[in-house]
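Enquirer: Shown below is the structure under consideration.
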Amino acid sequence: MTVNELKKIPEFTLLNEGDMNKEITRPFCCDLLSVAMSKAPSGAAWVTIMGNTNALAVSSLTDCACIILAEGTSLDPNVVHKAQVQEITLFETELPIFEASLKVYELLQG
Amino acid sequence: MSDSLKLQYIISDEDFTRAGEASGDVKSKLKMMGVNPDVIRKVSIAMYEGEINMVIHANGGVIDVIITPKDITMILKDKGPGIKDVDLAMQAGYSTASENVRALGFGAGMGLPNMKKYSDEMNIETELGVGTTVTMKVNF
């Protein structure tokens with residue numbers, strides 16, 4: 001399943017389009033960046049509340065498929081712009097982390 | 001005659017928004033060189049953690065990177081306060097990071113343990129009040 005499929009989830013709002021053809025391997029939940037750095041699987045749909053530029057760096061270094069900012073988390077001002085520059089796909093949602101990941105998981109399971 | 005590539009990055013003081021640029025650059029260079037993706041991931045993690053440590057604890061510093069056909073060596077040098085107890089700092093979960101830094105998602109006490117885990121060789125030279133040099137090597 002590609003990142004593009006996530007557009008089907010009505011609760012998700014697309015903030016920036018990166019590579020929408022990237023394959024999603026699985027949802028991944030983590031808010032501690034050092035833990036995410038070592039544990040995020042390649043191709044993860046990373047669900048987090050860390051709406052800062054460091055999360056973008058972690059996402060790009062670990063080859064995440066996209067970031068989903070959950071819990072209606074507030075974004076640092078530069079984040080969307082930086083995501084555009086780095087071509088990172090960014091969604092936001094009011095859903096809690098678990099529910100947001102579950103939506104991705106259900107879609108993945110078909 | 002040498003077929004090694006030498007790179008240098010200046011890591012600026014307290015600039016969290018730019019942390020990751022040096023490791024991102026190394027990552028893309030290794031990718032262009034066709035290095036195995038698992039190795040690139042190890043290098044990225046180890047170097048990014050080092051970069052973050054330099055910003056959090058040492059007011060920045062300099063990273064020298066040497067890439068040969070066989071391996072990559074990263075030398076991270078700072079003029080920070082030094083590490084009081086290296087064994088303690090190496091323990092997962094131990095951290096001296098400020099609340100401010102924790103709010104950004106760091107300070108979980110995983111930095112040095114991650115650097116050790118993802119590099120094939122790591123050496124720390126540190127002196128209180130003088131600075132720290134961490135050398136990491138990852139084999140291709």
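Ordering of the structure tokens sets the chain letters (A, B, ...), residue numbers begin anew at 1 in every chain, and ligands are numbered from 1 in the order given.
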What residues in chain A have any atom no more than 10 Å from chain B when counting only C-alpha atoms, and can you write them as a ChimeraX atom specification?
Expert: /A:30-38,42,49-58,60-63,78-79,82
Enquirer: Within 12 Å of Val3 in chain A, counting only C-alpha atoms, which residues show up once you throw out same-chain ones fewer than 5 positions away? Write them as a tab-separated table (two decimals) with N, CA and C atoms, in the first residue's frame, please.
Expert:
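Writing done, so here's around_36.tsv:
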chain	number	residue	atom	x	y	z
A	8	LYS	N	-7.43	8.34	1.73
A	8	LYS	CA	-8.79	7.80	1.87
A	8	LYS	C	-9.32	7.91	3.30
A	9	ILE	N	-8.42	8.13	4.24
A	9	ILE	CA	-8.86	8.22	5.64
A	9	ILE	C	-9.39	9.64	5.89
A	12	PHE	N	-7.76	12.20	8.29
A	12	PHE	CA	-6.40	12.68	8.05
A	12	PHE	C	-6.41	13.88	7.10
A	14	LEU	N	-3.95	16.17	4.72
A	14	LEU	CA	-2.61	16.18	4.12
A	14	LEU	C	-2.01	17.58	4.21
A	16	ASN	N	1.51	18.11	3.62
A	16	ASN	CA	2.52	18.20	2.57
A	16	ASN	C	2.67	16.87	1.84
A	17	GLU	N	2.77	16.97	0.51
A	17	GLU	CA	2.96	15.78	-0.32
A	17	GLU	C	4.43	15.56	-0.61
A	18	GLY	N	4.96	14.44	-0.15
A	18	GLY	CA	6.31	14.04	-0.53
A	18	GLY	C	6.18	13.00	-1.62
A	19	ASP	N	6.90	11.90	-1.48
A	19	ASP	CA	6.76	10.80	-2.43
A	19	ASP	C	5.53	9.98	-2.05
A	20	MET	N	4.43	10.21	-2.78
A	20	MET	CA	3.16	9.55	-2.44
A	20	MET	C	3.13	8.10	-2.91
A	21	ASN	N	4.13	7.70	-3.69
A	21	ASN	CA	4.18	6.31	-4.17
A	21	ASN	C	5.00	5.40	-3.27
A	22	LYS	N	5.52	5.97	-2.17
A	22	LYS	CA	6.33	5.17	-1.25
A	22	LYS	C	5.46	4.10	-0.58
A	23	GLU	N	6.01	2.89	-0.48
A	23	GLU	CA	5.28	1.78	0.13
A	23	GLU	C	5.29	1.91	1.66
A	24	ILE	N	4.14	1.70	2.27
A	24	ILE	CA	4.07	1.68	3.73
A	24	ILE	C	4.27	0.24	4.21
A	25	THR	N	5.22	0.05	5.13
A	25	THR	CA	5.46	-1.30	5.66
A	25	THR	C	4.54	-1.56	6.85
A	26	ARG	N	4.46	-0.59	7.77
A	26	ARG	CA	3.56	-0.72	8.92
A	26	ARG	C	3.46	0.59	9.68
A	27	PRO	N	2.41	0.72	10.50
A	27	PRO	CA	2.36	1.92	11.34
A	27	PRO	C	3.37	1.79	12.48
A	43	GLY	N	10.08	2.54	5.82
A	43	GLY	CA	8.74	2.52	5.23
A	43	GLY	C	7.62	2.66	6.25
A	44	ALA	N	7.95	3.08	7.47
A	44	ALA	CA	6.93	3.24	8.51
A	44	ALA	C	6.00	4.40	8.21
A	45	ALA	N	4.72	4.23	8.58
A	45	ALA	CA	3.82	5.37	8.68
A	45	ALA	C	3.92	5.76	10.15
A	46	TRP	N	4.69	6.78	10.43
A	46	TRP	CA	5.07	7.13	11.81
A	46	TRP	C	4.03	8.06	12.41
A	64	CYS	N	11.28	6.74	6.79
A	64	CYS	CA	9.85	6.56	7.02
A	64	CYS	C	9.10	6.90	5.72
A	65	ALA	N	7.93	6.28	5.55
A	65	ALA	CA	7.13	6.58	4.36
A	65	ALA	C	6.42	7.93	4.53
A	66	CYS	N	5.99	8.22	5.76
A	66	CYS	CA	5.32	9.49	6.03
A	66	CYS	C	5.22	9.70	7.54
A	67	ILE	N	4.86	10.93	7.91
A	67	ILE	CA	4.61	11.23	9.33
A	67	ILE	C	3.13	11.58	9.48
A	68	ILE	N	2.50	11.05	10.51
A	68	ILE	CA	1.12	11.42	10.82
A	68	ILE	C	1.13	12.06	12.20
A	88	ILE	N	8.97	15.44	2.50
A	88	ILE	CA	8.45	14.46	3.46
A	88	ILE	C	6.92	14.60	3.49
A	89	THR	N	6.22	13.49	3.35
A	89	THR	CA	4.77	13.54	3.40
A	89	THR	C	4.31	13.67	4.85
A	90	LEU	N	3.43	14.64	5.07
A	90	LEU	CA	3.00	14.98	6.41
A	90	LEU	C	1.47	15.04	6.45
A	91	PHE	N	0.89	14.25	7.37
A	91	PHE	CA	-0.55	14.33	7.60
A	91	PHE	C	-0.76	14.84	9.02
A	104	VAL	N	-4.53	3.27	9.91
A	104	VAL	CA	-3.49	2.89	8.94
A	104	VAL	C	-3.42	1.36	8.86
A	107	LEU	N	-6.36	-0.20	7.01
A	107	LEU	CA	-6.24	0.03	5.57
A	107	LEU	C	-5.19	-0.92	4.96
A	108	LEU	N	-4.10	-1.10	5.72
A	108	LEU	CA	-3.02	-2.00	5.29
A	108	LEU	C	-3.51	-3.44	5.16
Enquirer: As a PyMOL selection string, please: all residues of chain A that backbone DSSP puts in helix (DSSP H, G or I).
Expert: chain A and resi 3-8+33-39+53-61+79-86+97-109
Enquirer: Determine, counting only C-alpha atoms, which protein, DNA and RNA residues have an atom within 10 Å of an atom of range 133-138 of chain B; residues of the same chain fewer than 4 positions away are not included. Present the result as an NGL selection string.
Expert: :B and (39-40 or 42-43 or 46-47 or 50 or 61-67 or 70-80 or 82 or 112 or 115-116 or 118-127)
Enquirer: Using the selection just defined, write its residues with C-alpha atoms as a PDB file, in the first residue's frame.
Expert:
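again-v7.pdb, freshly written:
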ATOM      1  CA  VAL B  39      24.828   0.156   6.582  1.00  0.00           C
ATOM      2  CA  ILE B  40      23.551   3.619   5.628  1.00  0.00           C
ATOM      3  CA  LYS B  42      23.532   2.440  10.944  1.00  0.00           C
ATOM      4  CA  VAL B  43      25.695   5.399   9.922  1.00  0.00           C
ATOM      5  CA  ALA B  46      25.041   6.854  14.918  1.00  0.00           C
ATOM      6  CA  MET B  47      25.961  10.185  13.378  1.00  0.00           C
ATOM      7  CA  GLY B  50      26.308  12.294  17.878  1.00  0.00           C
ATOM      8  CA  GLY B  61      31.669  21.265  17.436  1.00  0.00           C
ATOM      9  CA  VAL B  62      33.216  19.774  14.332  1.00  0.00           C
ATOM     10  CA  ILE B  63      32.568  16.428  12.644  1.00  0.00           C
ATOM     11  CA  ASP B  64      35.181  14.970  10.319  1.00  0.00           C
ATOM     12  CA  VAL B  65      34.044  12.129   8.112  1.00  0.00           C
ATOM     13  CA  ILE B  66      36.377   9.849   6.187  1.00  0.00           C
ATOM     14  CA  ILE B  67      34.830   7.454   3.690  1.00  0.00           C
ATOM     15  CA  LYS B  70      35.765  -0.388   3.026  1.00  0.00           C
ATOM     16  CA  ASP B  71      34.361   1.756   5.820  1.00  0.00           C
ATOM     17  CA  ILE B  72      33.356   5.153   7.180  1.00  0.00           C
ATOM     18  CA  THR B  73      34.931   6.890  10.156  1.00  0.00           C
ATOM     19  CA  MET B  74      33.212   9.767  11.932  1.00  0.00           C
ATOM     20  CA  ILE B  75      35.238  11.908  14.324  1.00  0.00           C
ATOM     21  CA  LEU B  76      33.053  14.174  16.457  1.00  0.00           C
ATOM     22  CA  LYS B  77      35.051  16.758  18.339  1.00  0.00           C
ATOM     23  CA  ASP B  78      33.679  19.320  20.762  1.00  0.00           C
ATOM     24  CA  LYS B  79      34.962  21.785  23.323  1.00  0.00           C
ATOM     25  CA  GLY B  80      32.133  21.076  25.735  1.00  0.00           C
ATOM     26  CA  GLY B  82      33.472  16.711  28.992  1.00  0.00           C
ATOM     27  CA  LEU B 112      25.573   7.164  23.415  1.00  0.00           C
ATOM     28  CA  MET B 115      25.937   5.340  18.861  1.00  0.00           C
ATOM     29  CA  LYS B 116      27.693   2.283  20.292  1.00  0.00           C
ATOM     30  CA  TYR B 118      25.056   1.154  15.486  1.00  0.00           C
ATOM     31  CA  SER B 119      28.789   1.578  15.019  1.00  0.00           C
ATOM     32  CA  ASP B 120      31.251  -1.277  14.650  1.00  0.00           C
ATOM     33  CA  GLU B 121      33.910   0.510  16.679  1.00  0.00           C
ATOM     34  CA  MET B 122      33.528   3.448  19.029  1.00  0.00           C
ATOM     35  CA  ASN B 123      36.043   5.292  21.129  1.00  0.00           C
ATOM     36  CA  ILE B 124      35.457   8.170  23.542  1.00  0.00           C
ATOM     37  CA  GLU B 125      38.182  10.521  24.690  1.00  0.00           C
ATOM     38  CA  THR B 126      36.976  13.074  27.172  1.00  0.00           C
ATOM     39  CA  GLU B 127      38.440  15.549  29.628  1.00  0.00           C
TER      40      GLU B 127
END
Enquirer: Hey, can you check how far CA of Lys103 in chain A sits from CA of Lys7 in chain A?
Expert: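 Between these atoms lies a distance of 11.4 Å.
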Enquirer: Please return, as a VMD selection string, all residues of chain A that DSSP assigns to strand (DSSP E) on the basis of the backbone.
Expert: chain A and resid 13 to 16 26 to 29 44 to 48 66 to 69 90 to 92
Enquirer: Selected residues, N, CA and C atoms, written as an mmCIF file, in the first residue's frame, please.
Expert:
data_model
loop_
_atom_site.group_PDB
_atom_site.id
_atom_site.type_symbol
_atom_site.label_atom_id
_atom_site.label_comp_id
_atom_site.auth_asym_id
_atom_site.auth_seq_id
_atom_site.Cartn_x
_atom_site.Cartn_y
_atom_site.Cartn_z
ATOM 1 N N THR A 13 -5.654 14.910 7.446
ATOM 2 C CA THR A 13 -5.497 16.057 6.558
ATOM 3 C C THR A 13 -4.061 16.064 6.034
ATOM 4 N N LEU A 14 -3.946 16.173 4.721
ATOM 5 C CA LEU A 14 -2.608 16.176 4.121
ATOM 6 C C LEU A 14 -2.010 17.581 4.213
ATOM 7 N N LEU A 15 -0.866 17.702 4.885
ATOM 8 C CA LEU A 15 -0.212 19.010 5.031
ATOM 9 C C LEU A 15 0.874 19.207 3.982
ATOM 10 N N ASN A 16 1.509 18.107 3.622
ATOM 11 C CA ASN A 16 2.521 18.196 2.574
ATOM 12 C C ASN A 16 2.669 16.873 1.835
ATOM 13 N N ARG A 26 4.459 -0.590 7.770
ATOM 14 C CA ARG A 26 3.557 -0.722 8.915
ATOM 15 C C ARG A 26 3.457 0.586 9.684
ATOM 16 N N PRO A 27 2.408 0.724 10.500
ATOM 17 C CA PRO A 27 2.357 1.924 11.338
ATOM 18 C C PRO A 27 3.366 1.790 12.480
ATOM 19 N N PHE A 28 3.874 2.904 12.939
ATOM 20 C CA PHE A 28 4.858 2.897 14.026
ATOM 21 C C PHE A 28 4.541 4.082 14.937
ATOM 22 N N CYS A 29 4.451 3.830 16.247
ATOM 23 C CA CYS A 29 4.107 4.890 17.193
ATOM 24 C C CYS A 29 5.260 5.152 18.150
ATOM 25 N N ALA A 44 7.955 3.081 7.467
ATOM 26 C CA ALA A 44 6.928 3.237 8.507
ATOM 27 C C ALA A 44 5.997 4.404 8.212
ATOM 28 N N ALA A 45 4.722 4.230 8.585
ATOM 29 C CA ALA A 45 3.817 5.372 8.681
ATOM 30 C C ALA A 45 3.919 5.764 10.151
ATOM 31 N N TRP A 46 4.691 6.784 10.429
ATOM 32 C CA TRP A 46 5.069 7.129 11.809
ATOM 33 C C TRP A 46 4.026 8.060 12.414
ATOM 34 N N VAL A 47 3.376 7.554 13.446
ATOM 35 C CA VAL A 47 2.349 8.341 14.130
ATOM 36 C C VAL A 47 2.961 8.919 15.401
ATOM 37 N N THR A 48 2.943 10.234 15.524
ATOM 38 C CA THR A 48 3.609 10.879 16.659
ATOM 39 C C THR A 48 2.941 12.203 17.001
ATOM 40 N N CYS A 66 5.987 8.218 5.757
ATOM 41 C CA CYS A 66 5.321 9.491 6.033
ATOM 42 C C CYS A 66 5.219 9.698 7.540
ATOM 43 N N ILE A 67 4.861 10.932 7.914
ATOM 44 C CA ILE A 67 4.610 11.233 9.326
ATOM 45 C C ILE A 67 3.133 11.582 9.478
ATOM 46 N N ILE A 68 2.503 11.049 10.515
ATOM 47 C CA ILE A 68 1.120 11.420 10.820
ATOM 48 C C ILE A 68 1.130 12.060 12.203
ATOM 49 N N LEU A 69 0.833 13.342 12.236
ATOM 50 C CA LEU A 69 0.839 14.060 13.512
ATOM 51 C C LEU A 69 -0.542 13.913 14.142
ATOM 52 N N LEU A 90 3.430 14.645 5.065
ATOM 53 C CA LEU A 90 2.998 14.981 6.412
ATOM 54 C C LEU A 90 1.471 15.036 6.454
ATOM 55 N N PHE A 91 0.892 14.251 7.368
ATOM 56 C CA PHE A 91 -0.550 14.328 7.603
ATOM 57 C C PHE A 91 -0.760 14.841 9.018
ATOM 58 N N GLU A 92 -1.932 15.441 9.263
ATOM 59 C CA GLU A 92 -2.293 15.712 10.652
ATOM 60 C C GLU A 92 -3.699 15.196 10.897
#
Enquirer: Which residue is closest to Pro81 in chain B? Choose from B:Thr132, B:Asn36, B:Asn53, B:Lys29 and count only C-alpha atoms.
Expert: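 For Pro81 in chain B, the nearest of the candidates is B:Thr132.
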Enquirer: Could you check how far CA of Ile97 in chain A sits from CA of Glu71 in chain A, in Å to one decimal?
Expert: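 Separation between CA of Ile97 in chain A and CA of Glu71 in chain A: 6.5 Å.
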Enquirer: Figure out the distance between CA of Glu51 in chain B and CA of Pro69 in chain B, please, to one decimal in Å.
Expert: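 Interatomic distance here is 23.8 Å.
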Enquirer: Pick the closest to Leu7 in chain B from B:Gly131, B:Thr68, B:His57, B:Tyr94: which is it, counting only C-alpha atoms?
Expert: B:Thr68
